[in-house]
Structures are given as C-alpha cells and as structure tokens.
$ cat work.csv   # CSV, C-alpha atoms
chain,number,residue,atom,x,y,z
A,1,MET,CA,-12.9,-33.7,-5.1
A,2,THR,CA,-9.9,-33.1,-7.4
A,3,SER,CA,-9.9,-31.2,-10.7
A,4,ILE,CA,-7.7,-30.7,-13.7
A,5,ARG,CA,-7.0,-27.3,-15.1
A,6,THR,CA,-6.6,-26.7,-18.8
A,7,ALA,CA,-5.5,-23.5,-20.6
A,8,SER,CA,-8.8,-23.0,-22.4
A,9,SER,CA,-11.6,-24.4,-20.2
A,10,ARG,CA,-13.3,-23.9,-16.9
A,11,ILE,CA,-13.9,-27.2,-15.0
A,12,LEU,CA,-16.8,-27.7,-12.6
A,13,LEU,CA,-15.8,-28.4,-9.1
A,14,ILE,CA,-17.8,-29.4,-6.1
A,15,THR,CA,-16.4,-27.7,-3.0
A,16,SER,CA,-17.4,-27.3,0.6
A,17,THR,CA,-17.9,-23.8,1.8
A,18,SER,CA,-17.1,-24.7,5.3
A,19,GLY,CA,-13.7,-23.6,6.5
A,20,ARG,CA,-12.2,-20.9,8.6
A,21,ARG,CA,-14.7,-18.2,9.5
A,22,LEU,CA,-14.3,-15.0,11.5
A,23,THR,CA,-14.3,-16.0,15.1
A,24,ALA,CA,-16.8,-13.2,15.8
A,25,ILE,CA,-19.5,-15.3,14.3
A,26,SER,CA,-18.1,-18.8,14.8
A,27,SER,CA,-20.5,-19.5,17.6
A,28,HIS,CA,-23.4,-19.1,15.1
A,29,SER,CA,-21.9,-21.3,12.4
A,30,GLN,CA,-24.0,-24.2,11.1
A,31,ARG,CA,-23.4,-27.1,8.7
A,32,ARG,CA,-23.8,-26.1,5.1
A,33,SER,CA,-24.3,-28.2,2.1
A,34,PRO,CA,-21.7,-28.2,-0.7
A,35,THR,CA,-22.0,-25.5,-3.3
A,36,ILE,CA,-20.9,-25.4,-6.9
A,37,ALA,CA,-17.9,-23.2,-7.9
A,38,TYR,CA,-15.8,-22.8,-11.0
A,39,ILE,CA,-12.1,-23.0,-11.2
A,40,ARG,CA,-11.2,-20.1,-13.5
A,41,THR,CA,-8.3,-20.1,-15.8
A,42,MET,CA,-6.3,-17.1,-16.8
A,43,ALA,CA,-8.3,-16.9,-20.0
A,44,SER,CA,-11.4,-16.0,-17.9
A,45,VAL,CA,-9.9,-12.8,-16.6
A,46,PRO,CA,-9.7,-9.9,-19.1
A,47,THR,CA,-6.4,-8.3,-20.0
A,48,THR,CA,-7.7,-4.7,-19.5
A,49,MET,CA,-9.9,-3.0,-17.0
A,50,LYS,CA,-11.5,0.3,-15.9
A,51,ALA,CA,-9.6,2.3,-13.3
A,52,VAL,CA,-8.9,5.8,-12.0
A,53,VAL,CA,-5.4,7.1,-12.1
A,54,ILE,CA,-3.5,10.3,-11.3
A,55,ASP,CA,-0.3,11.3,-13.1
A,56,LYS,CA,0.1,14.5,-11.1
A,57,VAL,CA,-1.2,16.0,-7.9
A,58,GLY,CA,-4.0,18.6,-7.7
A,59,GLY,CA,-7.7,18.9,-7.3
A,60,PRO,CA,-10.5,16.5,-8.5
A,61,GLU,CA,-9.7,17.5,-12.0
A,62,VAL,CA,-6.5,15.3,-12.0
A,63,LEU,CA,-8.6,12.1,-11.5
A,64,GLN,CA,-8.5,10.3,-14.8
A,65,TYR,CA,-11.0,7.6,-15.6
A,66,LYS,CA,-9.5,5.0,-17.9
A,67,THR,CA,-11.1,1.9,-19.6
A,68,ASP,CA,-8.0,0.2,-21.0
A,69,LEU,CA,-5.5,-0.2,-18.2
A,70,PRO,CA,-3.8,-3.6,-17.8
A,71,VAL,CA,-5.2,-6.0,-15.2
A,72,PRO,CA,-2.4,-6.4,-12.6
A,73,ALA,CA,-0.2,-9.5,-12.7
A,74,LEU,CA,0.2,-11.5,-9.5
A,75,VAL,CA,3.2,-12.4,-7.5
A,76,ASP,CA,3.5,-15.1,-4.7
A,77,GLY,CA,1.2,-14.3,-1.8
A,78,GLN,CA,-1.3,-12.3,-3.8
A,79,ILE,CA,-4.9,-12.8,-4.9
A,80,LEU,CA,-6.7,-11.0,-7.8
A,81,VAL,CA,-10.0,-9.5,-6.6
A,82,LYS,CA,-12.7,-8.5,-9.0
A,83,ASN,CA,-14.1,-5.5,-7.0
A,84,ASP,CA,-17.8,-5.1,-6.4
A,85,TYR,CA,-17.6,-2.0,-4.2
A,86,ILE,CA,-14.7,0.3,-3.4
A,87,GLY,CA,-14.4,2.6,-0.3
A,88,VAL,CA,-13.7,6.3,-0.6
A,89,ASN,CA,-11.7,7.8,2.2
A,90,PHE,CA,-10.1,11.2,3.1
A,91,ILE,CA,-6.7,9.5,2.8
A,92,ASP,CA,-7.4,9.2,-1.0
A,93,THR,CA,-7.6,13.0,-1.2
A,94,TYR,CA,-4.4,13.3,0.7
A,95,PHE,CA,-2.5,11.4,-2.0
A,96,ARG,CA,-4.4,13.2,-4.7
A,97,THR,CA,-3.4,16.6,-3.4
A,98,GLY,CA,0.2,15.7,-2.6
A,99,LEU,CA,-0.2,16.0,1.2
A,100,TYR,CA,1.0,12.4,1.2
A,101,PRO,CA,3.5,11.5,-1.5
A,102,ALA,CA,2.3,9.0,-4.1
A,103,PRO,CA,4.9,6.1,-4.5
A,104,GLN,CA,4.9,6.7,-8.3
A,105,PHE,CA,3.0,8.1,-11.2
A,106,PRO,CA,0.7,7.1,-12.7
A,107,TYR,CA,-0.9,5.9,-9.5
A,108,ILE,CA,-4.2,4.2,-8.8
A,109,LEU,CA,-5.8,5.7,-5.7
A,110,GLY,CA,-8.0,3.9,-3.1
A,111,ARG,CA,-7.3,1.7,-0.1
A,112,GLU,CA,-10.1,-0.8,0.4
A,113,GLY,CA,-12.8,-2.8,-1.4
A,114,GLU,CA,-14.9,-5.9,-1.4
A,115,GLY,CA,-15.3,-8.5,-4.2
A,116,THR,CA,-14.5,-12.0,-5.4
A,117,VAL,CA,-11.2,-13.8,-5.7
A,118,VAL,CA,-10.8,-14.6,-9.4
A,119,LYS,CA,-7.2,-15.8,-9.4
A,120,THR,CA,-4.5,-16.7,-6.9
A,121,GLY,CA,-0.8,-16.6,-6.9
A,122,GLY,CA,1.5,-19.1,-5.2
A,123,GLY,CA,2.8,-19.0,-1.6
A,124,GLU,CA,0.9,-18.4,1.6
A,125,LEU,CA,-2.7,-17.4,0.8
A,126,TYR,CA,-4.2,-17.8,4.4
A,127,GLY,CA,-6.8,-20.2,3.1
A,128,LEU,CA,-8.2,-17.9,0.5
A,129,LYS,CA,-9.2,-19.4,-2.8
A,130,GLU,CA,-10.9,-18.6,-6.1
A,131,GLY,CA,-14.6,-17.8,-5.6
A,132,ASP,CA,-14.2,-16.5,-2.1
A,133,LYS,CA,-16.0,-13.2,-1.2
A,134,VAL,CA,-13.4,-11.0,0.5
A,135,VAL,CA,-12.9,-7.6,1.9
A,136,TRP,CA,-9.4,-6.1,1.9
A,137,MET,CA,-7.2,-3.1,2.6
A,138,ALA,CA,-4.3,-2.3,0.2
A,139,GLU,CA,-3.4,0.1,-2.5
A,140,GLY,CA,-4.9,0.3,-6.0
A,141,ALA,CA,-8.6,0.1,-5.1
A,142,TYR,CA,-10.1,2.5,-7.7
A,143,ALA,CA,-10.2,-0.3,-10.3
A,144,GLU,CA,-12.2,-3.2,-11.5
A,145,TYR,CA,-9.5,-5.6,-10.5
A,146,THR,CA,-6.9,-5.3,-7.7
A,147,ALA,CA,-3.9,-7.5,-6.8
A,148,VAL,CA,-4.0,-7.8,-3.1
A,149,ALA,CA,-1.6,-9.4,-0.6
A,150,ALA,CA,-3.6,-12.3,0.8
A,151,ARG,CA,-2.5,-11.3,4.3
A,152,GLN,CA,-4.5,-8.1,3.8
A,153,ALA,CA,-7.7,-9.7,2.9
A,154,VAL,CA,-10.3,-11.6,4.9
A,155,LYS,CA,-13.4,-13.6,4.0
A,156,ILE,CA,-16.7,-11.7,4.3
A,157,PRO,CA,-19.0,-13.4,6.9
A,158,ASP,CA,-22.0,-15.3,5.7
A,159,GLY,CA,-25.2,-13.2,5.8
A,160,LEU,CA,-23.5,-9.8,5.6
A,161,ALA,CA,-25.3,-7.8,2.9
A,162,PRO,CA,-23.4,-6.5,-0.1
A,163,GLN,CA,-21.6,-3.1,0.4
A,164,ILE,CA,-21.4,-3.4,4.2
A,165,ALA,CA,-18.0,-4.9,4.3
A,166,ALA,CA,-16.5,-2.3,2.0
A,167,ALA,CA,-18.3,0.5,3.9
A,168,ALA,CA,-17.1,-0.9,7.3
A,169,LEU,CA,-13.6,-2.0,7.0
A,170,LEU,CA,-11.2,1.0,7.0
A,171,GLN,CA,-13.3,3.5,8.9
A,172,GLY,CA,-14.5,0.8,11.3
A,173,LEU,CA,-11.1,-0.5,12.0
A,174,THR,CA,-9.8,3.0,12.4
A,175,ALA,CA,-12.4,3.9,15.0
A,176,LEU,CA,-12.0,0.6,16.8
A,177,SER,CA,-8.2,0.8,17.0
A,178,LEU,CA,-8.4,4.4,18.2
A,179,VAL,CA,-10.7,3.5,21.2
A,180,ARG,CA,-8.7,0.4,22.0
A,181,GLU,CA,-5.1,1.5,21.6
A,182,ALA,CA,-4.6,5.2,20.8
A,183,TYR,CA,-6.6,5.8,24.1
A,184,HIS,CA,-8.2,2.8,25.8
A,185,VAL,CA,-11.7,4.2,26.5
A,186,GLU,CA,-13.5,2.8,29.5
A,187,LYS,CA,-17.1,3.0,30.7
A,188,GLY,CA,-17.9,6.4,32.1
A,189,ASP,CA,-15.0,8.3,30.3
A,190,TRP,CA,-15.7,11.7,28.9
A,191,VAL,CA,-14.4,12.0,25.3
A,192,LEU,CA,-14.7,14.5,22.5
A,193,VAL,CA,-15.2,13.5,18.8
A,194,HIS,CA,-14.8,16.1,16.1
A,195,ALA,CA,-16.8,15.7,12.9
A,196,ALA,CA,-19.1,13.3,14.7
A,197,ALA,CA,-21.4,12.8,11.7
A,198,GLY,CA,-18.6,11.9,9.3
A,199,GLY,CA,-17.7,8.4,8.3
A,200,THR,CA,-15.3,7.7,11.1
A,201,GLY,CA,-17.1,10.0,13.5
A,202,LEU,CA,-20.3,7.9,13.3
A,203,TRP,CA,-18.3,4.8,13.9
A,204,LEU,CA,-16.7,6.4,17.0
A,205,CYS,CA,-20.0,7.5,18.3
A,206,GLN,CA,-21.5,4.0,18.0
A,207,LEU,CA,-18.5,2.2,19.5
A,208,LEU,CA,-18.1,4.6,22.3
A,209,HIS,CA,-21.8,4.2,23.1
A,210,ALA,CA,-21.4,0.4,23.2
A,211,ILE,CA,-18.4,0.8,25.6
A,212,GLY,CA,-20.5,3.1,27.8
A,213,ALA,CA,-18.5,6.3,27.4
A,214,ASN,CA,-19.9,9.8,27.6
A,215,THR,CA,-19.3,11.2,24.1
A,216,ILE,CA,-19.4,14.9,23.2
A,217,GLY,CA,-19.5,15.3,19.4
A,218,THR,CA,-19.1,18.3,17.2
A,219,ALA,CA,-21.1,18.9,13.9
A,220,SER,CA,-21.9,21.9,11.7
A,221,THR,CA,-25.7,21.5,10.9
A,222,PRO,CA,-28.8,20.5,12.7
A,223,GLU,CA,-29.1,17.4,10.4
A,224,LYS,CA,-25.6,16.3,11.3
A,225,VAL,CA,-26.2,16.9,15.0
A,226,ALA,CA,-29.2,14.6,14.8
A,227,LEU,CA,-27.2,11.9,13.1
A,228,ALA,CA,-24.5,12.0,15.7
A,229,LEU,CA,-27.0,11.8,18.5
A,230,LYS,CA,-28.8,8.9,16.8
A,231,ALA,CA,-25.4,7.1,16.6
A,232,GLY,CA,-24.9,7.3,20.3
A,233,ALA,CA,-23.3,10.6,21.1
A,234,SER,CA,-24.4,11.8,24.6
A,235,HIS,CA,-24.2,15.5,23.5
A,236,VAL,CA,-23.4,17.2,20.2
A,237,VAL,CA,-22.2,20.8,19.9
A,238,ASN,CA,-23.2,22.7,16.7
A,239,TYR,CA,-19.9,24.5,16.2
A,240,SER,CA,-21.5,26.9,13.6
A,241,HIS,CA,-23.0,28.9,16.5
A,242,GLU,CA,-22.0,27.2,19.8
A,243,ASP,CA,-18.8,27.6,21.8
A,244,VAL,CA,-17.3,24.1,21.8
A,245,LYS,CA,-14.8,24.7,24.6
A,246,ALA,CA,-17.4,26.3,26.9
A,247,LYS,CA,-19.8,23.4,26.4
A,248,VAL,CA,-17.2,20.8,27.0
A,249,LEU,CA,-16.1,22.5,30.3
A,250,GLU,CA,-19.8,22.9,31.3
A,251,LEU,CA,-20.5,19.2,30.7
A,252,THR,CA,-17.4,17.9,32.5
A,253,ALA,CA,-17.7,20.2,35.5
A,254,GLY,CA,-14.7,22.2,34.4
A,255,LYS,CA,-12.3,19.3,34.1
A,256,GLY,CA,-12.3,18.7,30.3
A,257,VAL,CA,-12.2,15.4,28.5
A,258,VAL,CA,-9.8,12.5,29.0
A,259,ALA,CA,-9.4,12.1,25.2
A,260,VAL,CA,-10.1,13.9,22.0
A,261,PHE,CA,-10.4,12.0,18.7
A,262,ASP,CA,-9.7,14.6,16.1
A,263,GLY,CA,-9.8,13.7,12.4
A,264,VAL,CA,-10.2,17.3,11.2
A,265,GLY,CA,-6.6,18.5,11.8
A,266,LYS,CA,-5.5,22.1,11.3
A,267,SER,CA,-8.7,24.0,12.1
A,268,THR,CA,-9.5,22.1,15.4
A,269,PHE,CA,-6.0,21.2,16.8
A,270,ASP,CA,-5.7,24.1,19.2
A,271,LEU,CA,-9.3,23.7,20.3
A,272,SER,CA,-8.8,20.0,21.0
A,273,LEU,CA,-5.8,20.8,23.3
A,274,ASP,CA,-7.9,23.4,25.1
A,275,CYS,CA,-10.6,20.8,25.8
A,276,LEU,CA,-8.3,18.2,27.3
A,277,ALA,CA,-8.4,17.4,31.0
A,278,ARG,CA,-5.1,17.2,33.0
A,279,LYS,CA,-3.3,14.0,31.8
A,280,GLY,CA,-5.6,13.8,28.8
A,281,SER,CA,-4.8,12.3,25.4
A,282,MET,CA,-5.0,14.2,22.2
A,283,VAL,CA,-5.4,11.8,19.3
A,284,SER,CA,-4.9,13.5,16.0
A,285,PHE,CA,-5.7,11.0,13.3
A,286,GLY,CA,-6.7,13.0,10.2
A,287,ASN,CA,-6.2,16.2,8.1
A,288,ALA,CA,-9.7,17.0,6.7
A,289,SER,CA,-9.1,20.7,7.1
A,290,GLY,CA,-5.3,20.5,6.3
A,291,ALA,CA,-2.2,19.3,8.0
A,292,VAL,CA,-1.5,20.5,11.6
A,293,PRO,CA,1.4,23.1,11.5
A,294,PRO,CA,4.7,22.5,13.3
A,295,PHE,CA,4.0,22.1,17.0
A,296,ASN,CA,6.0,23.2,20.1
A,297,ILE,CA,6.0,20.0,22.3
A,298,ALA,CA,6.4,22.1,25.4
A,299,ARG,CA,2.8,23.1,25.2
A,300,LEU,CA,1.9,19.6,26.4
A,301,SER,CA,3.4,20.3,29.8
A,302,ALA,CA,0.6,22.6,30.9
A,303,LYS,CA,-1.6,19.6,31.4
A,304,ASN,CA,0.8,16.7,31.2
A,305,ALA,CA,-1.0,15.9,28.0
A,306,ARG,CA,-0.3,13.1,25.6
A,307,LEU,CA,-0.2,13.7,21.8
A,308,LEU,CA,-0.5,10.8,19.3
A,309,ARG,CA,-0.7,10.8,15.5
A,310,PRO,CA,-1.7,7.2,14.8
A,311,THR,CA,-2.6,5.4,11.6
A,312,VAL,CA,-4.7,2.3,11.4
A,313,VAL,CA,-2.2,0.4,9.3
A,314,ASN,CA,0.3,0.3,12.1
A,315,TYR,CA,-2.3,-1.2,14.4
A,316,ILE,CA,-3.0,-4.1,11.9
A,317,ALA,CA,0.5,-4.6,10.6
A,318,THR,CA,0.5,-8.4,11.3
A,319,ARG,CA,-2.0,-11.0,10.2
A,320,ASP,CA,-2.9,-11.7,13.8
A,321,GLU,CA,-3.6,-8.0,14.5
A,322,LEU,CA,-5.7,-7.7,11.4
A,323,GLU,CA,-7.7,-10.9,12.2
A,324,GLY,CA,-8.2,-9.8,15.8
A,325,TYR,CA,-9.5,-6.4,14.9
A,326,VAL,CA,-11.7,-7.7,12.1
A,327,ASP,CA,-13.2,-10.3,14.4
A,328,GLU,CA,-14.0,-7.7,17.0
A,329,LEU,CA,-15.4,-5.3,14.5
A,330,PHE,CA,-17.8,-7.8,13.0
A,331,ASP,CA,-18.7,-8.9,16.6
A,332,PHE,CA,-19.7,-5.3,17.4
A,333,LEU,CA,-21.7,-5.1,14.2
A,334,GLN,CA,-23.7,-8.2,15.1
A,335,LYS,CA,-24.0,-7.8,18.8
A,336,PHE,CA,-24.9,-4.1,18.9
A,337,LYS,CA,-26.6,-3.9,15.5
A,338,LEU,CA,-24.4,-1.0,14.5
A,339,ASP,CA,-25.6,1.1,11.6
A,340,VAL,CA,-23.2,1.2,8.7
A,341,ARG,CA,-24.4,4.4,7.1
A,342,ILE,CA,-23.7,4.6,3.4
A,343,HIS,CA,-24.0,8.1,2.0
A,344,ASP,CA,-24.1,7.1,-1.6
A,345,VAL,CA,-22.7,4.7,-4.2
A,346,TYR,CA,-21.0,6.6,-7.0
A,347,PRO,CA,-20.2,5.2,-10.4
A,348,LEU,CA,-16.4,4.8,-10.7
A,349,SER,CA,-16.6,7.1,-13.7
A,350,GLU,CA,-17.9,9.9,-11.4
A,351,ILE,CA,-15.0,9.7,-9.0
A,352,ALA,CA,-14.4,13.5,-9.2
A,353,ARG,CA,-17.9,14.2,-8.0
A,354,ALA,CA,-17.3,11.8,-5.0
A,355,HIS,CA,-14.1,13.6,-4.0
A,356,THR,CA,-15.8,17.0,-4.4
A,357,ASP,CA,-18.7,16.0,-2.2
A,358,LEU,CA,-16.3,14.5,0.4
A,359,GLU,CA,-14.0,17.5,0.6
A,360,GLY,CA,-17.0,19.9,0.6
A,361,ARG,CA,-18.4,18.4,3.8
A,362,LYS,CA,-21.6,17.5,1.8
A,363,THR,CA,-21.6,13.9,3.0
A,364,THR,CA,-22.5,11.9,6.1
A,365,GLY,CA,-21.4,8.3,6.4
A,366,LYS,CA,-19.5,6.3,3.9
A,367,LEU,CA,-18.9,6.9,0.2
A,368,LEU,CA,-18.6,3.9,-2.1
A,369,LEU,CA,-17.8,3.4,-5.8
A,370,ASP,CA,-19.3,0.9,-8.2
A,371,PRO,CA,-16.5,-0.1,-10.6
A,372,SER,CA,-19.0,-1.6,-13.1
A,373,LYS,CA,-20.3,1.9,-14.0

$ encode --input "work.csv" --output "structure tokens"
Amino acid sequence: MTSIRTASSRILLITSTSGRRLTAISSHSQRRSPTIAYIRTMASVPTTMKAVVIDKVGGPEVLQYKTDLPVPALVDGQILVKNDYIGVNFIDTYFRTGLYPAPQFPYILGREGEGTVVKTGGGELYGLKEGDKVVWMAEGAYAEYTAVAARQAVKIPDGLAPQIAAAALLQGLTALSLVREAYHVEKGDWVLVHAAAGGTGLWLCQLLHAIGANTIGTASTPEKVALALKAGASHVVNYSHEDVKAKVLELTAGKGVVAVFDGVGKSTFDLSLDCLARKGSMVSFGNASGAVPPFNIARLSAKNARLLRPTVVNYIATRDELEGYVDELFDFLQKFKLDVRIHDVYPLSEIARAHTDLEGRKTTGKLLLDPSK
C-alpha cells in the first residue's frame, strides 16, 4: 500500500511485518497479520536530545550529562535510532580514560544499543525501515538518538524481551567470536577464563559449556564463584585465596590449558602465560586492570605458544560476518536457553555511577542505561 509524505503530517500506513528475519529463528517463523505503523516526518523527531559527552579524558567526573545536544543528521546508508536501552562496556572506560584515543572532543561514548528506527537516510539500508526494532553496534550510544550505519544494525527477533538484545550484542558477539576464531574451542578442551563472573566471562562460560569444553574460571568472591559455576564453568578458582596456576595444573594433570581468554590484562597476563599448555593460545582481549606492558615475543618460544590481541569489530567487519555471528548468537540463546544476566539498568543521568561500579568490580553481568531518565 503506497503513501504520500507531507512536511507537516504523519500518514497512516498498512504494512506487513513479514520480511527478512534472523536465520537463527527462521524455522520457527509463522504467518503474521498486517500491523499498523506510522511514516514519520522530520517534524516528528526533536531537534535536541539528552546525551553524555566528554571533552577531556579522566575519571568518571569527566562524564557530562547534557539535555540540549543536537539530534544527529543522517547521511546515505544511515538510520536514526531512538534508543530504548544502551549497553555499558569496559571499552567505554578505555576511551574515557584515554587508554584508547577518542576521535575528537566533545565525544559521545558508548558502542551499542537497541531501539526503534525513526528516520532513514538514502542508499543501502539492508531492508531496515522506520518503525523497525533494531539492535546495533556503532559509536555515539550514550544518547537518546544515534545515527547508525544500517550495515551495523539488525532487526531484533520477534519474542525477544526488551533489554535482552542490548545486553547480549557486544559481549555475546565478543565471546562467540573468541571461541570460534581467536581459538576454535572443541568438545573436551581445557580452557581458562579470567573474570568468569563478569559480563563477557559469563557469556564465555555458557558458550563453552554448550560446546562441551572443560572451563576453569577465576573469580574474587564466593558469590561470583557461584555465578560462574551456574553459568557452566566446570571449576572456578577464587583467586583471593587460591593459587590459580597450581589449581590449573592440578586439574589438567600438569599439562596446562589449550587456551586462556583474558579480559583482565595487566594483572593476569603473566599468570595466563604460565597456565598455558605447550602449543597453547593466549587470547588477551581486554584491559580491565590496565594495559599489558611491552612484551618480549621470545617468551612465547618456551611453549611454542600463540598470542592474540583480537577485537570483535574485526571479526564482524562485513555485513555477512555480522549477520552470520548474530544468527548464531541468537540461535545459542534460543537453543540453549542462555541466561542474559543484567546487573542493573541505570538512568543515563547516572552514568558516572555506572562507570564507578563497573571499574570497581562491583558488578556481575551486563550494565544498561535508560536514556529516558
């Protein structure tokens, strides 16, 4: 059914919600009746928005909550998303502190969110249209509205509860790409996961359990140990009073693990190398405790070890790669009933508290922001 746009009105349109869905749930698709949507004109989108910016690097105090920033303009290939929930990740703190350089100041932090497409630009939009519920990975997430390249957004599967997509995307894709490509884990492998009760750590424990690996996790409190075990870790070492290396060697009959997934960084790097088996893979994917100092590559020869420093964006750089990983991630969610643990939903205006909690190791699972508050 066709429609006519005007500069000052919104015209009712009957559309079909059928269309391309994630292949992970395509086998469960069913015929759906038409639904009513509105084609929105530019006049329906405000000119200003709430957002969090930084104009210098530093601690949580440099996070500035603003209520009058301009809504971003679109270029070809982009969609404008009104965010419902925004993910908080350690990478956000890296840009805030200057560990990773911000592309410019002022700069809006954040890398992922979920919400509704309220406006589209021209060019290739990969089937996305106004009214679609999407989850996306791009810059500028700490805001009510984000201009997102359509190739970096996908539709949220029917039946997925609010918050889940935003809580799952970046950490879930990070964990999945690590166990598929950084080191391809197979059933029966012994692997070590640091910070096993953290956001990505819990994803790793669940995915590794689904694969059939033997996972040794590390955690700092009895509560976090219990969470990691519930998520599927075979064994969890409380590093506050247990010797991680000794326990790893005991469990692996002195051989060590075939892979270490280390998102902690500086404080665990040497320990991770010590826990590796001969020809093992050391996967350093985060800097929660600080950046790893300069490293003498000759140290790897003692075990013919491999060292990787991957980032998820280079595993999903093409549209095909993104769609493939998203399909598999949501397939895991449905098939294995994975638990997307949400620690808390913080008002966007309380972003400093969220960063403080995350960096202070006070959290387990995912932190989300509500941009309406």

$ closest_residue --input "work.csv" --among "A:Lys119, A:Arg353, A:Arg306, A:Arg361" --to "Ser289 in chain A" --atoms "only C-alpha atoms"
A:Arg361

$ residues_around --input "work.csv" --residues "Val345 in chain A" --least-positions-apart "2" --cutoff "7 Å" --atoms "only C-alpha atoms" --output "list in words"
Pro347, Leu367, Leu368, Leu369 and Asp370 of chain A

$ closest_residue --input "work.csv" --among "A:Tyr94, A:Tyr183, A:Tyr145, A:Tyr85" --to "Ala167 in chain A" --atoms "all atoms listed in the file"
A:Tyr85

$ atom_distance --input "work.csv" --atom1 "CA of His194 in chain A" --atom2 "CA of Gly286 in chain A"
10.5 Å

$ closest_residue --input "work.csv" --among "A:Val313, A:Val52, A:Val236, A:Ile351" --to "Ala143 in chain A" --atoms "all atoms listed in the file"
A:Val52

$ residues_around --input "work.csv" --residues "Thr48 in chain A" --least-positions-apart "3" --cutoff "9 Å" --atoms "only C-alpha atoms" --output "PyMOL selection string"
chain A and resi 45+67-72

$ atom_distance --input "work.csv" --atom1 "CA of Asp158 in chain A" --atom2 "CA of Glu112 in chain A"
19.5 Å

$ residues_around --input "work.csv" --residues "Leu358 in chain A" --least-positions-apart "2" --cutoff "9 Å" --atoms "all atoms listed in the file" --output "list of chain:residue names"
A:Val88, A:Asn89, A:Phe90, A:Thr93, A:Arg353, A:Ala354, A:His355, A:Thr356, A:Gly360, A:Arg361, A:Lys362, A:Thr363, A:Thr364, A:Leu367

$ atom_distance --input "work.csv" --atom1 "CA of Asn287 in chain A" --atom2 "CA of Gln152 in chain A"
24.7 Å

$ residues_around --input "work.csv" --residues "Val185 in chain A" --least-positions-apart "6" --cutoff "8 Å" --atoms "only C-alpha atoms" --output "CSV table (one decimal) with C-alpha atoms, in the frame of the given file"
chain,number,residue,atom,x,y,z
A,179,VAL,CA,-10.7,3.5,21.2
A,208,LEU,CA,-18.1,4.6,22.3
A,211,ILE,CA,-18.4,0.8,25.6
A,213,ALA,CA,-18.5,6.3,27.4

$ closest_residue --input "work.csv" --among "A:Leu160, A:Ile86, A:Ala150, A:Leu329" --to "Thr174 in chain A" --atoms "all atoms listed in the file"
A:Leu329

$ closest_residue --input "work.csv" --among "A:Leu169, A:Ala197, A:Ala175, A:Val154" --to "Asp320 in chain A" --atoms "all atoms listed in the file"
A:Val154

$ closest_residue --input "work.csv" --among "A:Ser240, A:Ala165, A:Gly122, A:Ser272" --to "Ile216 in chain A" --atoms "only C-alpha atoms"
A:Ser272

$ residues_around --input "work.csv" --residues "Lys56 in chain A" --least-positions-apart "3" --cutoff "12 Å" --atoms "only C-alpha atoms" --output "PyMOL selection string"
chain A and resi 53+59-64+95-98+101-109
